[in-house]
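*Asks:* Structure file target14.cif, mmCIF, C-alpha atoms and all ligand atoms, is pasted below:
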data_data
loop_
_atom_site.label_atom_id
_atom_site.label_comp_id
_atom_site.auth_asym_id
_atom_site.auth_seq_id
_atom_site.Cartn_x
_atom_site.Cartn_y
_atom_site.Cartn_z
CA GLU A 10 0.00 0.00 0.00
CA TYR A 11 1.08 3.63 -0.51
CA VAL A 12 1.82 5.33 2.78
CA ASN A 13 2.51 8.97 3.65
CA VAL A 14 5.85 8.32 5.40
CA GLY A 15 6.02 11.58 7.39
CA GLU A 16 2.54 11.05 8.76
CA LEU A 17 3.28 7.43 9.69
CA PHE A 18 6.65 8.36 11.27
CA ASN A 19 4.98 11.06 13.40
CA TYR A 20 2.22 8.65 14.40
CA ILE A 21 4.73 6.01 15.56
CA LEU A 22 6.70 8.64 17.52
CA ASN A 23 3.48 9.91 19.16
CA ARG A 24 3.06 6.51 20.76
CA PHE A 25 6.51 6.88 22.36
CA ASP A 26 5.52 10.33 23.70
CA MET A 27 2.45 8.70 25.22
CA ILE A 28 4.52 6.08 27.05
CA ILE A 29 5.66 8.92 29.33
CA ALA A 30 2.34 10.72 29.56
CA ASN A 31 0.46 7.60 30.65
CA ASP A 32 2.96 6.25 33.12
CA ASP A 33 3.39 7.53 36.70
CA LYS A 34 6.75 5.88 37.08
CA PRO A 35 8.36 5.41 33.73
CA GLU A 36 11.48 3.26 33.74
CA LYS A 37 13.28 5.96 31.89
CA TYR A 38 12.80 9.62 31.05
CA TYR A 39 13.60 10.81 27.59
CA THR A 40 12.67 13.64 25.29
CA ILE A 41 11.91 13.24 21.61
CA LYS A 42 12.95 16.11 19.35
CA ARG A 43 11.50 16.06 15.84
CA GLU A 44 12.97 17.54 12.68
CA ILE A 45 10.57 16.12 10.15
CA THR A 46 9.95 17.66 6.74
CA ASP A 47 6.31 18.34 6.01
CA SER A 48 6.77 17.18 2.39
CA GLN A 49 4.07 14.72 1.40
CA ILE A 50 6.08 11.65 0.47
CA TRP A 51 4.26 8.50 -0.55
CA VAL A 52 6.18 5.25 -0.36
CA GLU A 53 4.96 1.77 -1.13
CA LEU A 54 5.46 -0.22 2.06
CA ASP A 55 3.83 -2.39 4.67
CA THR A 56 2.66 -0.18 7.55
CA SER A 57 2.95 -2.78 10.29
CA LYS A 58 6.40 -3.97 9.17
CA PHE A 59 7.70 -0.39 8.93
CA THR A 60 6.26 0.29 12.40
CA GLN A 61 8.10 -2.77 13.74
CA VAL A 62 11.41 -1.34 12.43
CA VAL A 63 10.92 2.15 13.90
CA ASP A 64 9.70 0.59 17.18
CA ASN A 65 12.87 -1.47 17.45
CA ILE A 66 15.18 1.47 16.73
CA MET A 67 13.27 3.67 19.21
CA ASN A 68 13.29 0.94 21.87
CA ASN A 69 17.03 0.48 21.38
CA ALA A 70 17.62 4.25 21.60
CA ILE A 71 15.79 4.27 24.94
CA LYS A 72 17.21 0.98 26.25
CA TYR A 73 20.85 1.83 25.49
CA SER A 74 20.74 5.44 26.75
CA PRO A 75 21.02 6.85 30.25
CA ASP A 76 18.04 8.49 31.91
CA GLY A 77 17.12 11.91 30.59
CA GLY A 78 18.51 11.50 27.10
CA VAL A 79 17.33 13.39 24.05
CA ILE A 80 16.30 11.34 21.04
CA THR A 81 16.21 13.23 17.76
CA ALA A 82 14.00 11.94 14.95
CA ARG A 83 14.67 13.40 11.51
CA MET A 84 13.16 13.01 8.10
CA ILE A 85 14.81 14.52 5.02
CA ASP A 86 13.42 14.61 1.48
CA ARG A 87 16.17 13.84 -1.04
CA LYS A 88 13.70 13.88 -3.94
CA THR A 89 14.32 10.32 -5.18
CA GLU A 90 14.64 8.91 -1.68
CA VAL A 91 13.52 9.80 1.80
CA VAL A 92 15.95 9.45 4.72
CA LEU A 93 14.70 8.88 8.26
CA SER A 94 17.07 8.85 11.21
CA ILE A 95 16.96 8.42 14.96
CA THR A 96 19.83 9.81 17.03
CA ASP A 97 20.39 9.00 20.68
CA GLN A 98 22.84 10.22 23.30
CA GLY A 99 23.48 6.74 24.63
CA LEU A 100 26.30 4.28 25.11
CA GLY A 101 27.26 4.20 21.46
CA ILE A 102 28.72 1.17 19.71
CA PRO A 103 32.43 0.27 19.72
CA LYS A 104 34.10 0.62 16.30
CA LYS A 105 34.98 -3.08 16.18
CA ASP A 106 31.32 -4.06 16.59
CA LEU A 107 29.82 -1.68 14.01
CA GLY A 108 30.12 -4.28 11.23
CA HIS A 109 28.16 -6.87 13.24
CA ILE A 110 25.31 -4.85 14.65
CA PHE A 111 22.82 -6.10 12.02
CA ASP A 112 23.80 -9.78 12.44
CA ARG A 113 21.35 -12.22 13.99
CA PHE A 114 21.81 -12.63 17.76
CA PHE A 115 24.70 -10.15 17.87
CA ARG A 116 24.79 -8.04 21.01
CA VAL A 117 27.51 -5.65 22.16
CA ASP A 118 29.00 -6.84 25.45
CA LYS A 119 26.94 -9.96 26.18
CA ALA A 120 26.81 -9.40 29.94
CA ARG A 121 25.63 -5.81 29.73
CA SER A 122 23.08 -6.60 27.05
CA ARG A 123 21.69 -9.60 28.89
CA ALA A 124 20.84 -7.37 31.84
CA GLN A 125 18.84 -5.16 29.45
CA GLY A 126 16.78 -8.01 28.05
CA GLY A 127 16.24 -8.80 24.38
CA THR A 128 17.36 -11.39 21.88
CA GLY A 129 19.64 -9.52 19.49
CA LEU A 130 17.26 -10.10 16.60
CA GLY A 131 15.65 -6.67 16.34
CA LEU A 132 18.16 -5.09 13.95
CA ALA A 133 18.61 -8.24 11.82
CA ILE A 134 14.85 -8.33 11.24
CA SER A 135 14.77 -4.57 10.64
CA LYS A 136 17.42 -4.92 7.94
CA GLU A 137 15.50 -7.70 6.20
CA ILE A 138 12.31 -5.64 6.21
CA ILE A 139 13.90 -2.43 4.92
CA GLU A 140 15.78 -4.26 2.17
CA ARG A 141 12.57 -5.94 1.07
CA PHE A 142 11.14 -2.43 0.47
CA GLY A 143 14.22 -1.66 -1.64
CA GLY A 144 15.68 0.56 1.08
CA LYS A 145 18.85 0.71 3.14
CA ILE A 146 19.55 0.83 6.88
CA TRP A 147 22.86 1.81 8.49
CA VAL A 148 24.39 3.13 11.67
CA ASP A 149 26.83 5.86 12.63
CA SER A 150 28.03 5.70 16.17
CA SER A 151 30.67 6.99 18.52
CA GLU A 152 31.32 5.10 21.74
CA GLY A 153 30.22 7.05 24.79
CA LYS A 154 28.52 9.75 22.68
CA GLY A 155 25.62 8.07 20.96
CA SER A 156 24.31 6.50 17.79
CA THR A 157 22.33 7.43 14.71
CA PHE A 158 20.33 4.75 12.89
CA SER A 159 19.25 5.81 9.41
CA ILE A 160 16.85 4.36 6.88
CA SER A 161 16.60 5.43 3.26
CA LEU A 162 13.62 4.49 1.11
CA PRO A 163 13.44 5.14 -2.62
CA TYR A 164 10.27 6.76 -3.88
CA GLU A 165 8.69 8.13 -7.03
CA ALA A 166 6.56 11.27 -6.96
CA TYR A 167 3.05 10.04 -6.27
CA ASP A 168 -0.09 11.69 -4.96
CA PRO A 169 -3.12 9.43 -4.54
CA ALA A 170 -5.41 12.47 -4.77
CA GLU A 171 -4.24 12.90 -8.37
CA ASP A 172 -4.29 9.24 -9.28
CA GLU A 173 -6.62 8.99 -12.27
CA TRP A 174 -6.58 5.22 -12.05
CA ASP A 175 -7.82 5.23 -8.47
CA ASP A 176 -11.55 4.76 -9.08
CA GLY A 177 -12.24 6.93 -12.10
CA GLU A 178 -14.85 8.94 -10.21
CA TRP A 179 -14.78 12.54 -9.07
CA ASP A 180 -17.23 13.87 -6.55
CA ASP A 181 -17.05 17.57 -7.43
P1 LIG B 1 15.86 -7.29 20.61
O1 LIG B 1 15.77 -6.08 19.73
O2 LIG B 1 15.79 -8.56 19.84
O3 LIG B 1 14.93 -7.23 21.77
P2 LIG B 1 18.47 -6.25 21.11
O4 LIG B 1 17.94 -4.88 21.31
O5 LIG B 1 19.63 -6.68 21.96
O6 LIG B 1 17.31 -7.33 21.29
P3 LIG B 1 19.08 -5.49 18.38
O7 LIG B 1 17.99 -4.50 18.38
O8 LIG B 1 19.28 -6.32 17.17
O9 LIG B 1 18.92 -6.50 19.59
O10 LIG B 1 20.46 -4.76 18.69
C1 LIG B 1 21.67 -5.51 18.69
C2 LIG B 1 22.69 -4.94 19.66
O11 LIG B 1 23.16 -3.69 19.16
C3 LIG B 1 22.13 -4.61 21.04
O12 LIG B 1 22.18 -5.73 21.89
C4 LIG B 1 23.08 -3.53 21.52
O13 LIG B 1 24.26 -4.11 22.04
C5 LIG B 1 23.44 -2.82 20.22
N1 LIG B 1 22.62 -1.58 20.01
C6 LIG B 1 21.49 -1.48 19.26
N2 LIG B 1 21.01 -0.23 19.27
C7 LIG B 1 21.85 0.50 20.04
C8 LIG B 1 21.90 1.87 20.43
N3 LIG B 1 20.96 2.76 20.03
N4 LIG B 1 22.92 2.26 21.24
C9 LIG B 1 23.86 1.37 21.65
N5 LIG B 1 23.89 0.07 21.31
C10 LIG B 1 22.90 -0.37 20.51
MG MG B 2 16.40 -4.13 19.88
#
Is it possible to give me this structure as structure tokens?
Ligand code: ATP
Ligand code: MG

*Replies:*
Amino acid sequence: EYVNVGELFNYILNRFDMIIANDDKPEKYYTIKREITDSQIWVELDTSKFTQVVDNIMNNAIKYSPDGGVITARMIDRKTEVVLSITDQGLGIPKKDLGHIFDRFFRVDKARSRAQGGTGLGLAISKEIIERFGGKIWVDSSEGKGSTFSISLPYEAYDPAEDEWDDGEWDD
């Protein structure tokens, strides 16, 4: 299905804002800063699969950051592709591990990660999903400073409101 990516991205992030608003004693405090273009970009993807990817990256950003961190969510229109990124101020990922982060069951520092819970599958599944949409996913990280996970999705200019093939009927 064709999805308005900016709208969907904002909607997914709203749910993370609500986690704080609805909880008296959240496990962790964080702030989400948004820098999201208001371009209407329509991409053919599966809403629930895309949500699963953003959920995993957001959950990681929270899980691997100290209390009170700022998470920045960005969306940039590069005309033939849209780039979404999530930046945290967390633990970061050691240089030697950067090449393995998307491998199945890989976790940085087994002991530390075990205490956090999880299986080490989230990013491997995310990569499979994004590549199935014809997109890319990658990470930039600096140990002790934080990480940025980015997703690029190719798109062609499309506006369902102007799609003559939609149903062939006009109400006005
Ligand atoms: P799961 O997602 O299956 O519950 P997980 O979070 O451990 O478990 P992934 O999401 O695949 O698995 O992440 C793999 C590993 O990459 C994590 O265990 C963690 O060591 C590291 N990692 C992922 N995201 C971050 C991040 N934002 N900051 C620091 N380390 C990260
Ligand atoms: Mg995860």

*Asks:* May I ask which of the residues A:Asn13, A:Asn65, A:Thr60, A:Thr40 is the closest one to Gly78 of chain A, counting all atoms listed in the file?

*Replies:*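 Closest candidate: A:Thr40.
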
*Asks:* With only C-alpha atoms and all ligand atoms counted and 6 Å as the cut-off, give the residues of chain A in contact with ligand LIG 1 (chain B), each with its shortest interatomic distance in Å and the pair that gives it, as a tab-separated table.

*Replies:*
residue	atom	partner	partner_atom	distance
A:Asn65	CA	B:LIG1	O1	5.9
A:Asn69	CA	B:LIG1	N2	4.6
A:Ala70	CA	B:LIG1	N3	4.0
A:Tyr73	CA	B:LIG1	N4	4.7
A:Gly99	CA	B:LIG1	N4	5.6
A:Leu100	CA	B:LIG1	C9	5.1
A:Gly101	CA	B:LIG1	C9	4.4
A:Ile102	CA	B:LIG1	N5	5.2
A:Ile110	CA	B:LIG1	O11	5.1
A:Phe115	CA	B:LIG1	C1	5.6
A:Arg116	CA	B:LIG1	O12	3.6
A:Val117	CA	B:LIG1	O13	3.6
A:Ser122	CA	B:LIG1	O12	5.3
A:Gly127	CA	B:LIG1	O3	3.3
A:Thr128	CA	B:LIG1	O2	3.8
A:Gly129	CA	B:LIG1	O9	3.1
A:Leu130	CA	B:LIG1	O2	3.9
A:Gly131	CA	B:LIG1	O1	3.4
A:Leu132	CA	B:LIG1	O8	3.6
A:Ala133	CA	B:LIG1	O8	5.7
A:Ser156	CA	B:LIG1	N3	5.5

*Asks:* Using all atoms listed in the file, which of A:Pro103, A:Gly126, A:Gly77, A:Gly153 sits nearest ligand MG 2 (chain B)?

*Replies:* A:Gly126

*Asks:* Enter the distance from atom CA of Ser161 of chain A to atom CA of Ile139 of chain A, in Å, rounded to one decimal.

*Replies:*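 One can read the atom CA of Ser161 of chain A to atom CA of Ile139 of chain A distance as 8.5 Å.
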
*Asks:* Which residue, A:Glu44, A:Glu90, A:Asp26, A:Asp112, has the smallest gap to ligand MG 2 (chain B) when you use only C-alpha atoms and all ligand atoms?

*Replies:*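 Smallest distance to ligand MG 2 (chain B) is found for A:Asp112.
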
*Asks:* Check the smallest atom-to-atom distance from each of A:Thr46, A:Glu152, A:Tyr38, A:Glu165 to Asp86 of chain A using all atoms listed in the file, then report the winner.

*Replies:*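 So, comparing all the options, the nearest one is A:Thr46.
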
*Asks:* Using only C-alpha atoms and all ligand atoms, find the one residue out of A:Met84, A:Ile50, A:Leu22, A:Ile134 that sits nearest to ligand MG 2 (chain B).

*Replies:*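 Smallest distance to ligand MG 2 (chain B) is found for A:Ile134.
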
*Asks:* Quick check, in Å to one decimal: how far apart do atom CA of Ile85 of chain A and atom CA of Lys105 of chain A lie?

*Replies:*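 These two atoms are separated by 29.0 Å.
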
*Asks:* For Arg43 of chain A, which of A:Thr81, A:Leu17, A:Leu107, A:Ala170 is the closest residue, counting all atoms listed in the file?

*Replies:*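 Residue with the minimum atom-to-atom distance to Arg43 of chain A: A:Thr81.
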
*Asks:* Excluding Glu10 of chain A and residues on its chain fewer than 3 positions from it, collect all residues at most 9 Å away from it, counting only C-alpha atoms, and give them as a list in words.

*Replies:*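 The residues that qualify are Val52, Glu53, Leu54, Asp55 and Thr56 of chain A.
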
*Asks:* Atom CA of Trp147 of chain A to atom CA of Ala82 of chain A: how many Å, to one decimal?

*Replies:*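 Going from atom CA of Trp147 of chain A over to atom CA of Ala82 of chain A covers 14.9 Å.
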
*Asks:* Quick one: residues within 12 Å of (15.6, 0.6, 8.8) (file frame), counting only C-alpha atoms, please, as a compact mmCIF listing (two decimals) with C-alpha atoms, in the frame of the given file.

*Replies:*
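The file below, selection-v6.txt, is the result:
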# COMPACT_ATOMS: atom_id res chain seq x y z
CA LYS A 58 6.40 -3.97 9.17
CA PHE A 59 7.70 -0.39 8.93
CA THR A 60 6.26 0.29 12.40
CA GLN A 61 8.10 -2.77 13.74
CA VAL A 62 11.41 -1.34 12.43
CA VAL A 63 10.92 2.15 13.90
CA ASP A 64 9.70 0.59 17.18
CA ASN A 65 12.87 -1.47 17.45
CA ILE A 66 15.18 1.47 16.73
CA MET A 67 13.27 3.67 19.21
CA VAL A 91 13.52 9.80 1.80
CA VAL A 92 15.95 9.45 4.72
CA LEU A 93 14.70 8.88 8.26
CA SER A 94 17.07 8.85 11.21
CA ILE A 95 16.96 8.42 14.96
CA PHE A 111 22.82 -6.10 12.02
CA GLY A 131 15.65 -6.67 16.34
CA LEU A 132 18.16 -5.09 13.95
CA ALA A 133 18.61 -8.24 11.82
CA ILE A 134 14.85 -8.33 11.24
CA SER A 135 14.77 -4.57 10.64
CA LYS A 136 17.42 -4.92 7.94
CA GLU A 137 15.50 -7.70 6.20
CA ILE A 138 12.31 -5.64 6.21
CA ILE A 139 13.90 -2.43 4.92
CA GLU A 140 15.78 -4.26 2.17
CA ARG A 141 12.57 -5.94 1.07
CA PHE A 142 11.14 -2.43 0.47
CA GLY A 143 14.22 -1.66 -1.64
CA GLY A 144 15.68 0.56 1.08
CA LYS A 145 18.85 0.71 3.14
CA ILE A 146 19.55 0.83 6.88
CA TRP A 147 22.86 1.81 8.49
CA VAL A 148 24.39 3.13 11.67
CA THR A 157 22.33 7.43 14.71
CA PHE A 158 20.33 4.75 12.89
CA SER A 159 19.25 5.81 9.41
CA ILE A 160 16.85 4.36 6.88
CA SER A 161 16.60 5.43 3.26
CA LEU A 162 13.62 4.49 1.11

*Asks:* Using only the atoms of segment 68-79 of chain A listed in the file, plus 6 Å on each side, state the axis-aligned box centre and edge lengths in Å rounded to one decimal, as lines of an AutoDock Vina configuration file.

*Replies:*
center_x = 17.2
center_y = 6.9
center_z = 26.6
size_x = 19.7
size_y = 24.9
size_z = 22.5
